[in-house]
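Contents: one structure, followed by commentary.
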Amino acid sequence: MPHKLIGRTSVRDNIKLSEDPSYPIFKELYEKQKKAVWFPEELNIQQDALDYHTLSEDEKDLFDTAVGYFCSSELLVQNVLVNSFFPLLTDPHAKMSFSTQLFMENIHSDFFEIVLQSFGMDREKMYDVAFDDPILRKKQSLIVDEIDKISYGRIDPNSLEGQKQILRAILLNNIILEGIFFYSSFAHFFALKDMAKMKNVVSGVELVLIDESLHLQNGIEAILIMLDENPEIVEDQEYVQEIRDVILEGTALEIEYVKHKFGDRTILGISYGELERYLKYITDRRLQELGFEQEFHINENPLRFLQKEDVKKLINFFEVSSTEYTNY
Amino acid sequence: MKRTVIKRDGTEEPFRTQQIINAIFEIIQGLEVEDDYELVFLIMKELDLKVPERVTTEELDRLVLKAIEQLIPKHPVYDTLATRQLLKLINKGIDRRLDDFHDFLEQAFEQELLDERLKEFDLDLLAESLNFERDGLLGYFGLTTLNDRYLMKNRDQQVIEKPQWFFMRVAMGIGNSNEEIVKIYNKLSKLEYLHSTPTLFNSGTVTSQYSSCYVSVVDDSLDSIMDKARETAFLAKYAGGVGTDVTRIRATGSNIESLNAPSSGAIPFIKIFDTLVNSIQQGGRRRSSQVISMQPWHLDIDGFMDLRETTGNAYFRTPSLNTKLWMPDEMMRRIKEGEPIYLFDPGVCGELVDAIGDDFRKKYEKRIEQAEAGELEQFKKLDSQNFFKKYLFKLAKTGHPWLIFKDEHNRHNPCPEYSVINSSNLCTEISIPNRPDSTAVCTLASVNLSKHVNEAQDDIDWDKLEDTLEVMVRGLDNILDKNFYPSEAARRNTMDLRPLGIGMMGFAEALIDLDIAYDSEEAVILARKLGSFMREVAYRTSQELAEERGAFKHYQEMEEQGNPYDYEPRRNAVLLAIAPTASISIITGTTSSIDSYFSNLYSRDTLSGKHIVINRQLIEDLEEQGQWSDEMADTIKANNGSVQHIDELDGIIDKQLYKTAYEIHPKRQVDIAAAFQESIDQAVSKSLYIDEQLRDNMEEIYLYAWEKKLKSTYYCFIDKVVKGEKYTEKVNKRGSRKGFGASGSSADNGTPKKTDPVEEDKAELEAKAREKFGDEAVDQALEADANSCPTDPMLRRICPACE
């Protein structure tokens, strides 16, 4: 059987790095992630404490929910990675890239935990929010239920069916959870900073964004490689349709969620209409990245303030925590 | 969707587009624009998504502002419109509460916000001098910053100060006569110069703390440490930046006589200041900050360099403090020549602290002899070049400590009999003699050079510059007597020396107006000329002031003691200091300090939020050439704000003029600072911008800075390599792989086939590119990895690694 990225492995396998890696992209992504490493202590989060108490009820709710959502979701991402497909990676560089992702998720959990402590938020409530809020629960369930089938079922990674299931797991984790759900919450945080609120926390979220965009790339690469190695997958049109559908289902749930949060008013200067369009824009991007046609044909990010994340940043060091340092 | 507007009185009415359109036309009025309908259309399009089903009139006003703000990167006209809209909102809010300037003053006096003494001025005359048209000089980022933090608020936290009232209030806190106030007001409101932030905050108010910087010295005793902790707390409360030298504190393991026990060294004490600054910074409009300096021969220097690391023992980390090395020449010489350096305990080798120049070298050599002879209990011998490498690695990694040159600062000390100069302030531009009982204070203002270019744009308007500098010297000198000093040590230093700090901003903007590239010898020549002109005018004015008001006290005392200084009597011991002007350059909308443009398009993070800054001069230039368009804006964005690699602009604009900070070699950046430093009697605070590619040359760059006789360096910015996914720009992560697109019909899901810009004619594009650039370049682009991405936008589109 030809060598594939995903397959059955044992502890004896894949313990040699090669100068000429089978998947150079994972070496590259590992290097990039290494350079992006940061620590929550670099940010002066307590400084936002006064700000936190001046947030309006709506703003606070939005902030709290986003923090709570990340608190548990960062750990969820770890679970999914470890339980469902990490043991099946056959390439040492891919392992390094994904385990660096695991490490970065630790940093994020650590960061959101510090946020939670700094503002005296209700710990129990925060960690439970993702499952207590009926609409957030739907989002989490989409991921969890699907993954459950894989990690606890007995799948054979060497079979076509097995490859398909694992691809689905990676998709749910790295594309839908990290690439759509997380991106929705990122926008809420950045809107705060745009209104000059919670600036130091959001500086941390900027770092999380850099990391997550690398994780997203991990996922996209893994999926594209799997499709390349298993051309039969795309021949199964029913399966392809299912994949597309599950992405769109994720988007629909996220749209439902922002509708529920924003409803008929604006918070932080953004409205439901803009966010809906933004999510569709993000989804179109994700679809295209995987080779699908766009669904919504939205080619411009309606949240224009996000341009500020795209250009070089100059920071008044003595006023706001900087995210422009290299740690390496 | 049917929308409802909720009015201020609670009544509801349907949302009417026409009303908003009219309001937008109102703010466009008087503006020269090509197509005002298109502007309104674009703004309405942005707004449409923003307006929810139910909206209050107040929220609606804000949303209109947000909608315009979002368009700012497209064209400077939106910046003007956003400024006008914000101004309208500010004025509307104030007009609801106050009738006019008199009314404002009355309320402010009533609520005990303003100093009673301002009542003595001719308020009618001052009111008549207000010129509201000058509001138009402010840009959006500037006005936002003013509104957010500078404009005075009443006790209910409502803004009660219009921008022109603000400039007048500041002037009233500085001028001694009606005439002088009007003069200062005119200069400030035309943005020809600005005082530093603490002055703008507090001038004329009951908190009359005008100074930006304090520089204190800690002695080697628990008494002194706790005393300085107390002083720092009060300095911090009033939002000044504090610099503190801790070289005198004995090293770890040094014996404490009274206890007959070893000391735990300097580091744990520094932690006290970290905690202090962190606890006080939460109160005001701007957090206070502190920098700790240490001479690098101190035995605890290793721990000192680790203070800003983010990992390790939290007790030895100071995330809220800044740090810097107060570096003697002798150690730099040893680094340069590869001779070893030695570390000593100041508890034993206290004579090294104060010694400068040759004197230091002799004393240092003597200690080295003793060390080598085994006569010193504690010392360390290090390979100097390893030490320097390690230091620069810390600098690149943590941003700290900065490098400041002790001897160059002291060589120009005008009052060596008063004291040596013990380190500099937070922003590294201050150079004033100080001692444990005399804390240096500096009160700053910076001239905006971009407002001092003559009409023909071929030279500086030297007469106007002279006039501005004179007003500044007199104004700053006035301040010293009105200022509130948070400690006796601070008052003593000011009364003895009367130091001023006149600096500059807008240097880079002025250069472009004059058609001089920042990265050129011509720029260095102009810098030298400007420095010397500033010195000449400032000193002359200070000498005139000495005749009117007397020379500074220490000068007089030396004269009385029959040991006079060999220069003409002047009012102020020092007068010039080039500060970073981070905030006030935003208010004036110009380039900071003597720095180049950071980039032609970038975002700036401040306490007032995150703002996009575009190089207006570049856009105007491109517009004149008919080259400004949405596509060009995107191309510049895709190039991270650089125009150097946009081939289609070759020969159309002078690209040299628009180099960004990282594109100018750090040595040139040093040259510019050095040219100013020749005449600036205090220091030039110069940040260095180093491209990742030049990281291996840092040793050479910092040695060069020393050899060129800079007194100070400030932040070291290193261009960051790893960026997040571009949010608003198409990214091709898939390259030419088909992914799910290889599947037949189901992938496109029956949706009508639209041309997908990524998928689209990759082949066609490739063919076009081959024609334009040749096969070699295209093959290279197709195989490019992240390190060798092509810069041409067309090639970028086919490069798989390009983001």
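Letters for chains follow the order of the structure tokens (A, B, ...), residue numbers begin at 1 for each chain, and ligand numbers begin at 1 in the order shown.
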
Exercise for the section: Compile the residues of chain A that lie within 7 Å of chain B, evaluated using only C-alpha atoms, and express the compilation as a ChimeraX atom specification. Expected result: /A:32,35-36,39,41-42,47,193-196,209-210,213,224,227,234-235,237,240-241,264-266,269-271,273-274,289-293,300-301,304-316,318-320,324-328

Exercise for the section: List every residue of region 199-350 of chain B that DSSP, applied to the backbone of this structure, places in helix (DSSP H, G or I), and write the result as a ChimeraX atom specification. Expected result: /B:199-202,222-237,267-280,301-305,314-316,329-337

Exercise for the section: Work out how far CA of Leu476 (chain B) is from CA of Arg435 (chain B), in Å to one decimal. Expected result: 23.3 Å

Practice task
Could you jot down the CA of Phe166 (chain B) to CA of Tyr140 (chain B) separation for me, Å, one decimal place?
Solution key: 16.7 Å

Handout entry: Spatial neighbours of Ile292 (chain B), 12 Å, only C-alpha atoms, chain gap at least 5 places, as a PyMOL selection string
Key = chain B and resi 214-218+232+241-247+266-267+269-274+277+304-305+307-308+318+320-326+400-404+422-428

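The two atoms in question, CA of Lys125 (chain A) and CA of Ile175 (chain A), are spaced 26.9 Å apart.
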
Could you pull the residues within 8 Å of Lys259 (chain A), counting only C-alpha atoms, minus those fewer than 4 positions along the same chain, as a PDB file with N, CA, C and O atoms, in the first residue's frame?
ATOM      1  N   ILE A 255     -24.986  31.641  12.132  1.00  0.00           N
ATOM      2  CA  ILE A 255     -25.853  32.767  11.787  1.00  0.00           C
ATOM      3  C   ILE A 255     -27.035  32.829  12.755  1.00  0.00           C
ATOM      4  O   ILE A 255     -27.407  33.899  13.233  1.00  0.00           O
ATOM      5  N   GLY A 263     -29.963  40.330  17.214  1.00  0.00           N
ATOM      6  CA  GLY A 263     -31.364  40.595  16.955  1.00  0.00           C
ATOM      7  C   GLY A 263     -31.582  41.888  16.193  1.00  0.00           C
ATOM      8  O   GLY A 263     -30.974  42.112  15.158  1.00  0.00           O
ATOM      9  N   TYR A 272     -26.629  42.698  13.119  1.00  0.00           N
ATOM     10  CA  TYR A 272     -26.813  41.331  12.657  1.00  0.00           C
ATOM     11  C   TYR A 272     -26.590  41.220  11.151  1.00  0.00           C
ATOM     12  O   TYR A 272     -25.939  40.287  10.664  1.00  0.00           O
TER      13      TYR A 272
END
